[in-house]
Every structure is written in C-alpha cells, then in structure tokens.
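Engineer: This one is data_24.tsv, TSV, C-alpha atoms.
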```tsv
chain	number	residue	atom	x	y	z
C	47	MET	CA	-20.33	3.98	-9.56
C	48	ALA	CA	-17.78	1.16	-9.67
C	49	ILE	CA	-16.52	2.04	-6.18
C	50	ARG	CA	-18.74	2.92	-3.22
C	51	TYR	CA	-17.78	3.64	0.38
C	52	GLU	CA	-20.13	2.55	3.15
C	53	ALA	CA	-19.59	4.13	6.57
C	54	ILE	CA	-20.35	1.79	9.48
C	55	LYS	CA	-19.09	3.43	12.66
C	56	THR	CA	-16.86	6.19	14.03
C	57	CYS	CA	-14.79	5.33	17.10
C	58	LYS	CA	-15.85	7.63	19.94
C	59	GLN	CA	-12.44	7.37	21.58
C	60	SER	CA	-10.22	8.09	18.55
C	61	GLY	CA	-12.35	9.40	15.68
C	62	ALA	CA	-11.19	6.51	13.46
C	63	ARG	CA	-13.77	5.12	11.09
C	64	LEU	CA	-14.96	1.62	10.28
C	65	GLY	CA	-16.34	1.02	6.82
C	66	ARG	CA	-16.63	-1.03	3.68
C	67	VAL	CA	-15.43	-0.29	0.17
C	68	HIS	CA	-17.71	-1.98	-2.36
C	69	THR	CA	-15.99	-2.98	-5.64
C	70	PRO	CA	-16.91	-5.10	-8.68
C	71	HIS	CA	-14.94	-8.02	-7.21
C	72	GLY	CA	-16.07	-7.85	-3.61
C	73	VAL	CA	-16.07	-5.86	-0.40
C	74	ILE	CA	-13.02	-4.49	1.42
C	75	GLU	CA	-13.47	-4.16	5.18
C	76	THR	CA	-11.69	-0.98	6.28
C	77	PRO	CA	-9.29	0.10	7.66
C	78	ALA	CA	-7.44	-2.42	5.50
C	79	PHE	CA	-3.87	-3.35	4.66
C	80	MET	CA	-3.26	-4.36	1.04
C	81	PRO	CA	-0.43	-6.84	0.32
C	82	VAL	CA	1.66	-5.75	-2.65
C	83	GLY	CA	1.82	-8.03	-5.70
C	84	THR	CA	4.03	-5.90	-7.93
C	85	LEU	CA	4.26	-8.26	-10.92
C	86	ALA	CA	0.80	-9.83	-10.58
C	87	THR	CA	2.00	-11.97	-7.67
C	88	VAL	CA	2.62	-11.33	-3.99
C	89	LYS	CA	6.19	-12.63	-3.79
C	90	THR	CA	6.27	-16.37	-2.89
C	91	MET	CA	2.55	-16.43	-2.00
C	92	SER	CA	-0.25	-18.16	-3.92
C	93	PRO	CA	-3.69	-16.57	-4.26
C	94	GLU	CA	-5.04	-19.46	-2.18
C	95	GLU	CA	-2.66	-18.62	0.68
C	96	LEU	CA	-3.69	-14.98	0.56
C	97	LYS	CA	-7.30	-16.08	0.86
C	98	GLN	CA	-6.40	-18.33	3.81
C	99	MET	CA	-5.18	-15.24	5.66
C	100	ASP	CA	-8.26	-13.34	4.38
C	101	ALA	CA	-6.61	-10.60	2.35
C	102	HIS	CA	-9.51	-8.62	0.93
C	103	ILE	CA	-7.51	-6.82	-1.76
C	104	ILE	CA	-4.03	-6.82	-3.26
C	105	LEU	CA	-2.06	-4.20	-5.17
C	106	SER	CA	-0.22	-4.60	-8.49
C	107	ASN	CA	2.06	-2.19	-10.31
C	108	THR	CA	1.26	-0.49	-13.61
C	109	TYR	CA	4.88	0.40	-14.43
C	110	HIS	CA	6.22	-3.12	-13.95
C	111	LEU	CA	3.34	-4.84	-15.77
C	112	PHE	CA	3.71	-2.36	-18.63
C	113	LEU	CA	7.35	-3.45	-19.02
C	114	ARG	CA	6.64	-7.18	-18.58
C	115	PRO	CA	4.63	-9.04	-19.70
C	116	GLY	CA	2.89	-6.02	-21.26
C	117	HIS	CA	-0.65	-4.81	-20.66
C	118	ASP	CA	-1.72	-6.16	-24.06
C	119	ILE	CA	-0.92	-9.71	-22.93
C	120	VAL	CA	-2.77	-9.25	-19.64
C	121	LYS	CA	-5.78	-7.90	-21.55
C	122	GLU	CA	-5.71	-10.88	-23.96
C	123	ALA	CA	-5.65	-13.21	-20.95
C	124	GLY	CA	-8.93	-11.71	-19.75
C	125	GLY	CA	-7.57	-9.04	-17.42
C	126	LEU	CA	-5.45	-9.13	-14.30
C	127	HIS	CA	-7.96	-11.09	-12.20
C	128	ARG	CA	-8.09	-13.99	-14.62
C	129	PHE	CA	-4.39	-13.77	-15.52
C	130	MET	CA	-3.30	-14.27	-11.89
C	131	ASN	CA	-6.31	-16.32	-10.70
C	132	TRP	CA	-7.41	-13.76	-8.09
C	133	ASP	CA	-11.17	-13.13	-7.89
C	134	ARG	CA	-11.08	-10.51	-5.13
C	135	PRO	CA	-10.45	-6.75	-5.54
C	136	ILE	CA	-7.20	-5.45	-7.08
C	137	LEU	CA	-5.73	-1.95	-7.02
C	138	THR	CA	-3.13	-0.85	-9.56
C	139	ASP	CA	-0.97	2.18	-8.90
C	140	SER	CA	-0.24	4.56	-11.74
C	141	GLY	CA	3.46	3.85	-12.18
C	142	GLY	CA	4.38	7.42	-11.33
C	143	PHE	CA	6.36	6.56	-8.20
C	144	GLN	CA	8.38	3.88	-10.03
C	145	VAL	CA	9.17	6.20	-12.94
C	146	PHE	CA	10.64	8.70	-10.50
C	147	SER	CA	12.34	6.24	-8.14
C	148	LEU	CA	13.76	3.60	-10.51
C	149	SER	CA	14.82	5.66	-13.50
C	150	GLU	CA	17.82	7.93	-13.00
C	151	LEU	CA	17.55	9.36	-16.51
C	152	ARG	CA	14.15	11.00	-16.81
C	153	LYS	CA	12.69	14.22	-18.13
C	154	ILE	CA	9.42	15.68	-16.92
C	155	THR	CA	7.36	17.85	-19.24
C	156	GLU	CA	3.75	18.96	-19.20
C	157	GLU	CA	2.93	16.18	-21.64
C	158	GLY	CA	4.44	13.35	-19.57
C	159	VAL	CA	7.70	11.71	-18.52
C	160	THR	CA	10.50	10.39	-20.71
C	161	PHE	CA	12.53	7.76	-18.88
C	162	ARG	CA	14.77	4.72	-19.32
C	163	ASN	CA	13.49	1.20	-18.84
C	164	HIS	CA	15.39	0.04	-15.74
C	165	LEU	CA	15.59	-3.49	-17.20
C	166	ASN	CA	17.20	-2.84	-20.58
C	167	GLY	CA	17.77	0.91	-20.91
C	168	ASP	CA	15.16	1.46	-23.64
C	169	LYS	CA	13.78	4.98	-23.85
C	170	LEU	CA	10.08	5.16	-22.95
C	171	PHE	CA	7.45	7.87	-22.66
C	172	LEU	CA	4.57	7.72	-20.19
C	173	THR	CA	1.69	10.18	-20.20
C	174	PRO	CA	-1.43	10.41	-18.03
C	175	GLU	CA	-3.42	9.04	-20.95
C	176	LYS	CA	-1.03	6.11	-21.44
C	177	ALA	CA	-1.02	5.25	-17.72
C	178	THR	CA	-4.83	5.25	-17.80
C	179	GLU	CA	-4.94	3.13	-20.97
C	180	ILE	CA	-2.61	0.56	-19.38
C	181	GLN	CA	-4.74	0.35	-16.24
C	182	ASN	CA	-7.94	0.06	-18.26
C	183	ALA	CA	-6.35	-2.92	-20.02
C	184	LEU	CA	-5.23	-4.48	-16.73
C	185	GLY	CA	-8.79	-4.23	-15.42
C	186	ALA	CA	-8.17	-3.57	-11.71
C	187	ASP	CA	-11.14	-2.53	-9.58
C	188	ILE	CA	-9.28	0.59	-8.39
C	189	MET	CA	-6.77	2.47	-10.53
C	190	MET	CA	-4.68	5.52	-9.72
C	191	ALA	CA	-4.22	8.80	-11.56
C	192	PHE	CA	-0.72	9.44	-12.92
C	193	ASP	CA	1.14	11.80	-10.61
C	194	GLU	CA	4.55	13.19	-9.78
C	195	CYS	CA	5.87	12.18	-6.37
C	196	PRO	CA	8.35	14.89	-5.33
C	197	PRO	CA	11.42	13.84	-3.35
C	198	TYR	CA	12.03	14.64	0.29
C	199	PRO	CA	13.22	17.18	1.10
C	200	ALA	CA	12.13	19.48	-1.71
C	201	GLU	CA	11.87	23.25	-2.07
C	202	TYR	CA	8.46	24.88	-1.71
C	203	ASP	CA	8.34	26.30	-5.25
C	204	TYR	CA	9.24	22.95	-6.79
C	205	VAL	CA	6.56	21.11	-4.79
C	206	LYS	CA	3.95	23.73	-5.71
C	207	LYS	CA	4.66	23.42	-9.44
C	208	SER	CA	4.73	19.64	-9.11
C	209	LEU	CA	1.34	19.38	-7.39
C	210	GLU	CA	-0.24	21.74	-9.92
C	211	ARG	CA	1.04	19.53	-12.73
C	212	THR	CA	-0.32	16.50	-10.87
C	213	THR	CA	-3.73	18.20	-10.77
C	214	ARG	CA	-3.67	18.80	-14.51
C	215	TRP	CA	-2.57	15.22	-15.11
C	216	ALA	CA	-5.40	13.95	-12.90
C	217	ALA	CA	-7.93	15.80	-15.06
C	218	ARG	CA	-6.42	14.20	-18.16
C	219	CYS	CA	-6.61	10.75	-16.56
C	220	LEU	CA	-10.27	11.32	-15.75
C	221	GLU	CA	-10.92	12.34	-19.34
C	222	ALA	CA	-9.07	9.29	-20.72
C	223	HIS	CA	-10.72	6.80	-18.34
C	224	ALA	CA	-12.70	4.43	-20.58
C	225	ARG	CA	-14.16	2.04	-17.99
C	226	LYS	CA	-15.87	4.20	-15.39
C	227	HIS	CA	-18.66	1.59	-15.07
C	228	ASP	CA	-16.39	-1.12	-13.63
C	229	GLN	CA	-13.15	0.61	-12.58
C	230	GLY	CA	-12.82	3.40	-10.04
C	231	LEU	CA	-10.10	6.03	-10.62
C	232	PHE	CA	-8.58	7.58	-7.48
C	233	ALA	CA	-6.75	10.91	-7.44
C	234	ILE	CA	-3.53	11.39	-5.45
C	235	VAL	CA	-3.12	14.37	-3.15
C	236	GLN	CA	0.45	15.72	-3.19
C	237	GLY	CA	2.07	18.78	-1.62
C	238	GLY	CA	5.15	17.43	0.12
C	239	MET	CA	5.58	18.50	3.73
C	240	TYR	CA	3.77	21.82	3.26
C	241	ALA	CA	0.31	21.95	4.83
C	242	ASP	CA	-0.89	24.82	2.63
C	243	LEU	CA	0.12	22.93	-0.51
C	244	ARG	CA	-1.65	19.82	0.72
C	245	LYS	CA	-4.73	21.99	1.18
C	246	GLN	CA	-4.39	23.36	-2.35
C	247	SER	CA	-3.97	19.89	-3.85
C	248	ALA	CA	-6.96	18.47	-1.94
C	249	ALA	CA	-9.19	21.39	-2.96
C	250	GLU	CA	-8.29	21.09	-6.64
C	251	LEU	CA	-8.73	17.32	-6.79
C	252	THR	CA	-11.92	17.03	-4.73
C	253	SER	CA	-13.56	19.55	-7.05
C	254	MET	CA	-13.28	16.91	-9.81
C	255	ASP	CA	-15.33	14.37	-7.80
C	256	PHE	CA	-13.17	11.24	-8.03
C	257	PRO	CA	-14.62	8.10	-6.39
C	258	GLY	CA	-11.69	7.95	-3.96
C	259	TYR	CA	-8.60	9.84	-2.85
C	260	ALA	CA	-5.07	8.77	-2.02
C	261	ILE	CA	-2.44	10.66	-0.06
C	262	GLY	CA	0.91	10.34	-1.81
C	263	GLY	CA	4.38	11.68	-1.16
C	264	LEU	CA	4.55	10.51	2.46
C	265	SER	CA	6.76	7.80	3.99
C	266	VAL	CA	9.53	8.99	1.65
C	267	GLY	CA	12.18	9.67	4.29
C	268	GLU	CA	10.49	12.15	6.61
C	269	SER	CA	10.06	11.49	10.33
C	270	LYS	CA	6.95	9.72	11.57
C	271	PRO	CA	5.77	12.80	13.53
C	272	LEU	CA	6.00	14.89	10.35
C	273	MET	CA	4.06	12.29	8.39
C	274	TYR	CA	1.34	12.30	11.04
C	275	GLU	CA	1.27	16.09	10.99
C	276	MET	CA	0.68	16.04	7.23
C	277	LEU	CA	-2.10	13.46	7.67
C	278	GLU	CA	-3.79	15.63	10.27
C	279	SER	CA	-3.61	18.56	7.84
C	280	THR	CA	-4.87	16.59	4.84
C	281	VAL	CA	-7.43	13.95	5.86
C	282	PRO	CA	-10.08	16.45	7.09
C	283	LEU	CA	-10.02	18.04	3.62
C	284	LEU	CA	-11.13	14.81	1.91
C	285	PRO	CA	-14.78	13.82	1.41
C	286	THR	CA	-16.15	11.68	4.23
C	287	GLU	CA	-18.23	9.63	1.79
C	288	LYS	CA	-15.20	8.50	-0.26
C	289	PRO	CA	-12.38	6.03	0.59
C	290	ARG	CA	-9.04	7.46	1.76
C	291	TYR	CA	-5.84	5.64	0.86
C	292	LEU	CA	-2.37	6.30	2.36
C	293	MET	CA	0.20	5.06	-0.14
C	294	GLY	CA	3.35	3.13	0.75
C	295	VAL	CA	2.84	2.78	4.50
C	296	GLY	CA	3.04	-0.63	6.22
C	297	SER	CA	4.78	-0.57	9.60
C	298	PRO	CA	2.45	-1.64	12.44
C	299	ASP	CA	2.71	1.69	14.27
C	300	ALA	CA	1.96	3.72	11.13
C	301	LEU	CA	-1.03	1.54	10.24
C	302	ILE	CA	-2.55	2.10	13.66
C	303	GLU	CA	-1.71	5.82	13.77
C	304	GLY	CA	-2.99	6.26	10.20
C	305	SER	CA	-6.26	4.54	11.09
C	306	ILE	CA	-6.66	6.85	14.08
C	307	ARG	CA	-6.31	9.77	11.68
C	308	GLY	CA	-9.07	8.53	9.37
C	309	ILE	CA	-7.25	6.46	6.72
C	310	ASP	CA	-9.15	3.52	5.21
C	311	MET	CA	-6.56	1.75	3.03
C	312	PHE	CA	-2.80	1.16	3.22
C	313	ASP	CA	-0.21	-0.72	1.17
C	314	CYS	CA	3.50	-1.42	1.50
C	315	VAL	CA	6.18	-3.90	0.42
C	316	LEU	CA	7.65	-3.82	3.97
C	317	PRO	CA	6.26	-7.14	5.31
C	318	THR	CA	7.32	-9.15	2.25
C	319	ARG	CA	10.65	-7.37	1.78
C	320	ILE	CA	11.91	-7.82	5.34
C	321	ALA	CA	10.65	-11.42	5.39
C	322	ARG	CA	13.17	-12.27	2.67
C	323	ASN	CA	15.94	-11.33	5.11
C	324	GLY	CA	14.43	-13.33	7.96
C	325	THR	CA	12.99	-10.31	9.77
C	326	CYS	CA	9.59	-11.04	11.29
C	327	MET	CA	6.89	-9.03	13.03
C	328	THR	CA	5.73	-10.69	16.24
C	329	SER	CA	3.36	-9.76	19.05
C	330	THR	CA	6.36	-8.74	21.19
C	331	GLY	CA	8.28	-6.85	18.51
C	332	ARG	CA	10.68	-7.39	15.66
C	333	LEU	CA	12.51	-10.75	15.55
C	334	VAL	CA	15.40	-11.50	13.17
C	335	VAL	CA	15.14	-15.26	12.95
C	336	ARG	CA	18.41	-15.68	11.05
C	337	ASN	CA	20.33	-14.62	14.17
C	338	ALA	CA	22.48	-17.22	15.91
C	339	ALA	CA	20.40	-16.97	19.09
C	340	TYR	CA	17.67	-19.04	17.41
C	341	ALA	CA	19.86	-21.93	16.16
C	342	ARG	CA	18.53	-24.23	18.90
C	343	ASP	CA	15.22	-22.50	19.59
C	344	TYR	CA	12.55	-25.10	18.86
C	345	GLY	CA	9.60	-22.93	19.80
C	346	PRO	CA	7.27	-21.17	17.33
C	347	LEU	CA	8.16	-17.85	15.73
C	348	ASP	CA	5.41	-16.16	17.75
C	349	PRO	CA	3.57	-18.25	20.40
C	350	ALA	CA	0.63	-15.82	20.20
C	351	CYS	CA	0.23	-16.23	16.42
C	352	SER	CA	-2.25	-18.61	14.77
C	353	CYS	CA	-0.71	-18.54	11.27
C	354	TYR	CA	0.39	-21.65	9.37
C	355	THR	CA	4.08	-20.89	9.96
C	356	CYS	CA	3.76	-20.54	13.72
C	357	GLN	CA	1.54	-23.60	14.05
C	358	HIS	CA	3.94	-25.95	12.24
C	359	TYR	CA	7.55	-24.72	12.26
C	360	SER	CA	10.20	-23.70	14.79
C	361	ARG	CA	12.51	-20.73	14.92
C	362	ALA	CA	15.47	-23.11	14.55
C	363	TYR	CA	14.02	-24.57	11.34
C	364	LEU	CA	13.21	-21.13	9.93
C	365	ARG	CA	16.74	-19.95	10.72
C	366	HIS	CA	18.18	-22.98	8.95
C	367	LEU	CA	16.08	-22.36	5.83
C	368	ILE	CA	16.89	-18.64	5.67
C	369	LYS	CA	20.62	-19.22	6.23
C	370	ALA	CA	20.61	-21.92	3.54
C	371	ASP	CA	18.80	-19.59	1.06
C	372	GLU	CA	15.92	-22.02	0.77
C	373	THR	CA	12.82	-20.53	-0.86
C	374	PHE	CA	10.55	-22.36	1.58
C	375	GLY	CA	11.98	-20.30	4.43
C	376	ILE	CA	11.10	-17.06	2.64
C	377	ARG	CA	7.61	-18.39	1.96
C	378	LEU	CA	7.10	-19.15	5.64
C	379	THR	CA	8.37	-15.79	6.94
C	380	THR	CA	6.38	-13.94	4.26
C	381	TYR	CA	3.22	-15.83	5.17
C	382	HIS	CA	3.74	-14.96	8.83
C	383	ASN	CA	4.38	-11.23	8.28
C	384	LEU	CA	1.36	-10.78	6.03
C	385	HIS	CA	-0.86	-12.76	8.41
C	386	PHE	CA	0.44	-10.66	11.31
C	387	LEU	CA	-0.51	-7.34	9.68
C	388	LEU	CA	-3.87	-8.57	8.39
C	389	GLU	CA	-4.71	-9.94	11.84
C	390	MET	CA	-3.59	-6.68	13.44
C	391	MET	CA	-5.92	-4.74	11.14
C	392	ARG	CA	-8.78	-7.04	12.16
C	393	GLY	CA	-7.92	-6.01	15.73
C	394	VAL	CA	-8.00	-2.35	14.69
C	395	ARG	CA	-11.46	-2.82	13.18
C	396	ARG	CA	-12.74	-4.58	16.32
C	397	ALA	CA	-11.31	-1.80	18.50
C	398	ILE	CA	-13.10	0.85	16.42
C	399	MET	CA	-16.37	-1.06	16.79
C	400	GLU	CA	-15.79	-1.20	20.55
C	401	ASP	CA	-14.79	2.51	20.81
C	402	ARG	CA	-11.35	1.63	22.19
C	403	LEU	CA	-8.78	2.19	19.43
C	404	LEU	CA	-6.55	4.43	21.55
C	405	ASP	CA	-6.44	1.73	24.23
C	406	PHE	CA	-5.68	-0.85	21.53
C	407	ARG	CA	-2.81	1.30	20.27
C	408	ASP	CA	-1.31	1.72	23.74
C	409	GLU	CA	-1.60	-1.98	24.52
C	410	PHE	CA	-0.11	-2.96	21.16
C	411	PHE	CA	2.80	-0.53	21.45
C	412	ASP	CA	3.47	-1.77	24.98
C	413	ARG	CA	3.71	-5.41	23.88
C	414	TYR	CA	5.62	-4.54	20.72
C	415	GLY	CA	8.20	-2.44	22.58
C	416	LEU	CA	7.34	0.82	20.85
C	417	ASN	CA	7.36	4.25	22.44
C	418	GLU	CA	6.98	7.84	21.31
C	419	ASN	CA	10.69	8.14	20.53
C	420	ASP	CA	11.14	4.80	18.78
C	421	LYS	CA	8.48	4.11	16.18
C	422	GLY	CA	9.66	1.23	14.01
C	423	PHE	CA	8.44	-2.10	12.71
```
Can you dump the structure from the file as structure tokens?

Structural biologist:
Amino acid sequence: MAIRYEAIKTCKQSGARLGRVHTPHGVIETPAFMPVGTLATVKTMSPEELKQMDAHIILSNTYHLFLRPGHDIVKEAGGLHRFMNWDRPILTDSGGFQVFSLSELRKITEEGVTFRNHLNGDKLFLTPEKATEIQNALGADIMMAFDECPPYPAEYDYVKKSLERTTRWAARCLEAHARKHDQGLFAIVQGGMYADLRKQSAAELTSMDFPGYAIGGLSVGESKPLMYEMLESTVPLLPTEKPRYLMGVGSPDALIEGSIRGIDMFDCVLPTRIARNGTCMTSTGRLVVRNAAYARDYGPLDPACSCYTCQHYSRAYLRHLIKADETFGIRLTTYHNLHFLLEMMRGVRRAIMEDRLLDFRDEFFDRYGLNENDKGF
C-alpha cells in the first residue's frame, strides 16, 4: 500500500498514540500538524524554510489548483512535488469543502455539484470521479475522497441524507482511483453533531477498507466541548491500524485535545492567516504585535522561542513592518506561528513517549492562559 501506519506507543496517562505514517515521499511523525499550502505554496514561506522548521508534510487544495493553474499544467510539470520543489509528503483535500463554502450558487445532485467559479463566475461541475482524476494528476501522497460538508447547525434528516451521499461518493472515488500504488485515498467521516450518524458514516466507510480516515464537518462553528464530544464518539470507531486525520483544526488547545483523543494528523490555515494580521502564538498566549504597546518593545516576540524570527528581530521591528504593510513582516510572523505549532507538536510526541500528555496539556494551558471556559488560540 502507498500509505502505511506504524504504531509506536500509547500514552498510559492519556491514551494518545505515537506513530509514523509511511508515504512514498517520506515518513510523517504523528501526531502531526500540517501547514496549509492552498495554491502549491504555504503563504510567504519557501520550501526550504518549511524544512528548517521540520514540517514533515504540507497540504494543498484540489479546488484551487483545479481553477489555477489547472491540474493538467501541474501534471505536465511532473506533479505537485516537482512543480513546487517540495520532496516531502503532500496531502491534497478533495475540494468539497471549498465548493460548499466559497460558491454561493451551487446545486447538489447524486452525480456531483454544479457551482460557480468564485474567481470569474464560470459554471463548473465537479463529480467524485473528476475530483479523483484531478488529485491523481496532482500526484499527492495522500488524497481525499470527495464529500459534502454539511453546515452547522443542520437538521438531522439533512445530515443523514448528506452522509449517505458522501458514502456513495467515496465508493465512486475508490473505483476511479488510478494510482493506488503510489497515492493513498482517505475517506471522510461525516455526520454533523449527531453521534449515531457519525457511527453510521464510520461503519459504512470502514467497510470499504480505505488506507486512512479523516473526520470532517467539525470546527465549523460548534463549541469546542461539542467538537470533543463528537471526536470521542467517532475515533473509537476507526481502525487502529490506519491513520486518523481531523480536518481544519489548528488552535493549540484543539491540537492537544485532539491528540489526547487519538488523532494523528491535523491541518488548518489559522497560524498563517492570523500571522498576516500580526497575531502571534507565544508560550504565554496570544500576542497581537501590531498593538501600540509594542512600539518601543525591543525584546523578542517570544523569549522562550528558538525560531529565526525570535532569534533576530524585536517586537518593535515586527510592529513597524506589519503597520507599514511590509511583506517581510508577514513572513516573519508566519514563520514564527508555524514554528510554534510544529515545536508544540514535537512536545506532544515527547509527552506521549514519556506517558505524561495530560500533564503536558495542563502545563501548556497554564502558561498559555487557557482554562476550561476559555479555549482559544
């Protein structure tokens, strides 16, 4: 198989698991956070910088690459790895979430989804087969089955019909998948905020024996406690010998809590998106470096951080760059936020190995200023 999960250790204190996901382009140490490179680039970062901070895998977006430059161009260039000069693992999502979130004019049928290109208004049609064909052309190590991500909140009957369609679409993706030898196709468990529907979705999809499983439809506006409740209902239903991926989650608290609940892989645009506004994750909590309080603060962004930004530049300089709309400022805050989360996940992995992940969580939340009633980034 193109994708293989290797279990290393289960934390005696928390039940979290340490492992490795073996792919054609290298090994992913898990639990892992995946920086998002929507258009075949992690915004403002070079592949070399991502390697400096030891990102094991990045994520790119099928929908956006389908629209520009086109999967045919990426294929002609030798695939996504060669096109973007990244020789480590890549995951591409199916485009389903973007179709439903970016296109106001869309029509869902059993065959697929008709929608408007959000760039120029052109009418497009995406099917499970087409989404699979695009991802085969892109050549990512891990690709996702085309699914429908229901909104939150949503009525029970709607979510049930939606997940059943997602199951049928997953089977069609599996049938259309032309590169099983070097690309692993993951299915996406849906079911909204209904535990029995999550159970139904997991049962239907695991019966098809995909090489990995994602949990979709969470972090879409629900409370953190509800998200964790759904994880606790869903994760035990997934095969222990396959990777488990929680889609669209990237706040420090959710990464730690998700790891405790048995998740192996996470992705989110959060660290890069907030960096562009001067919002930074530090060891003592969120810091908005564009604020006036830092105009004459010549200390590092985070004295406890070893990243390039913190070793070379002051809060005052970062504030100046961000306020002046200088790209270099965004590069520096982005570098820091990604380094912070990747380093935090290394701490999570060490804590699992040492059977102390719950202690790690409590210590981290204490420093970060988080409590049970205020879970943020």

Engineer: Between atom CA of Gly415 of chain C and atom CA of Gly308 of chain C, measure the distance and give it in Å to one decimal.

Structural biologist: 24.4 Å

Engineer: I want to know what sits within 10 Å of Pro197 of chain C, based on all atoms listed in the file, with residues of the same chain fewer than 2 positions away left out; could you give that as a list in words?

Structural biologist: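 Final neighbour list, sorted by chain and number: Phe146, Ser147, Glu194, Cys195, Pro199, Ala200, Glu201, Tyr204, Val205, Gly238, Gly263, Leu264, Val266 and Gly267 of chain C.
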
Engineer: Please determine, counting only C-alpha atoms, which residue among C:Thr355, C:Tyr381, C:Glu287, C:Ala191 has the shortest atom-to-atom distance to Lys97 of chain C.

Structural biologist: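 Among the listed residues, C:Tyr381 lies closest to Lys97 of chain C.
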
Engineer: Kindly give the distance, in Å, that separates atom CA of Leu364 of chain C and atom CA of Gly393 of chain C, rounded to a single decimal.

Structural biologist: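 Atom-to-atom, atom CA of Leu364 of chain C and atom CA of Gly393 of chain C are spaced 26.6 Å apart.
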
Engineer: Compare C:Ser329, C:Gln246, C:Ser269, C:Ile180 by their minimum atom-to-atom distance to Tyr198 of chain C, counting only C-alpha atoms, and give me the closest one.

Structural biologist: C:Ser269

Engineer: Go through C:Phe161, C:Tyr340, C:Tyr414, C:Phe256 and flag the residue nearest Ser297 of chain C, using all atoms listed in the file for the distances.

Structural biologist: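 Comparing C:Phe161, C:Tyr340, C:Tyr414, C:Phe256 against Ser297 of chain C, the winner is C:Tyr414.
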
Engineer: Would you list the contacts of His382 of chain C as a tab-separated table (two decimals) with C-alpha atoms, keeping the file's coordinate frame, taking every protein, DNA or RNA residue within 8 Å and counting all atoms listed in the file, but skipping same-chain residues closer than 5 positions in sequence?

Structural biologist:
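The result, stored in out_19.tsv:
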```tsv
chain	number	residue	atom	x	y	z
C	326	CYS	CA	9.59	-11.04	11.29
C	327	MET	CA	6.89	-9.03	13.03
C	353	CYS	CA	-0.71	-18.54	11.27
C	354	TYR	CA	0.39	-21.65	9.37
C	355	THR	CA	4.08	-20.89	9.96
C	356	CYS	CA	3.76	-20.54	13.72
```

Engineer: Segment 240-333 of chain C near segment 68-81 of chain C within 7 Å: what's each residue's closest atom pair and its distance in Å to one decimal, counting all atoms listed in the file, ordered by chain then ascending residue number, as JSON lines?

Structural biologist:
```
{"residue": "C:Ser305", "atom": "CA", "partner": "C:Pro77", "partner_atom": "CA", "distance": 6.4}
{"residue": "C:Ile309", "atom": "CA", "partner": "C:Pro77", "partner_atom": "CA", "distance": 6.7}
{"residue": "C:Asp310", "atom": "CA", "partner": "C:Pro77", "partner_atom": "CA", "distance": 4.2}
{"residue": "C:Met311", "atom": "CA", "partner": "C:Ala78", "partner_atom": "CA", "distance": 4.9}
{"residue": "C:Phe312", "atom": "CA", "partner": "C:Phe79", "partner_atom": "CA", "distance": 4.9}
{"residue": "C:Asp313", "atom": "CA", "partner": "C:Met80", "partner_atom": "CA", "distance": 4.8}
{"residue": "C:Cys314", "atom": "CA", "partner": "C:Pro81", "partner_atom": "CA", "distance": 6.8}
```

Engineer: Would you list the residues near (1.5, 7.1, -20.0) (no more than 12 Å away, in the coordinates of the file, using only C-alpha atoms) as a PyMOL selection string?

Structural biologist: chain C and resi 108-109+112+140-142+145+157-161+170-182+191-193+215+218-219+222

Engineer: Mind pulling up the distance from atom CA of Asn107 of chain C to atom CA of Leu85 of chain C?

Structural biologist: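 Pair atom CA of Leu85 of chain C / atom CA of Asn107 of chain C returns 6.5 Å.
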
Engineer: Using all atoms listed in the file, which residue out of C:Leu137, C:Ala48, C:Leu367, C:Ala248 lies closest to Gln229 of chain C?

Structural biologist: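 Looking only at the distances to Gln229 of chain C, the closest residue turns out to be C:Ala48.
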
Engineer: Can you pull out every residue within 12 Å of Met276 of chain C, counting only C-alpha atoms, but drop anything in the same chain fewer than 5 positions away, and send it as an NGL selection string?

Structural biologist: :C and (235-245 or 261-265 or 268-271 or 281-283 or 292 or 304 or 307)

Engineer: Between C:Ala186, C:Met254, C:Val120, C:Ile54, which has the minimum distance to Thr213 of chain C (counting only C-alpha atoms)?

Structural biologist: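 Of C:Ala186, C:Met254, C:Val120, C:Ile54, the one nearest Thr213 of chain C, counting only C-alpha atoms, is C:Met254.
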
Engineer: Could you tell me which of C:Asn383, C:Thr90, C:Thr373, C:Gln98 comes closest to Leu333 of chain C if we count all atoms listed in the file?

Structural biologist: C:Asn383

Engineer: When you look at Cys351 of chain C with a cut-off of 10 Å (counting all atoms listed in the file), what residues show up, excluding the ones that are within fewer than 6 positions of it in the same chain? I need them as number ranges by chain.

Structural biologist: C: 328-329, 357, 382, 385-386, 389
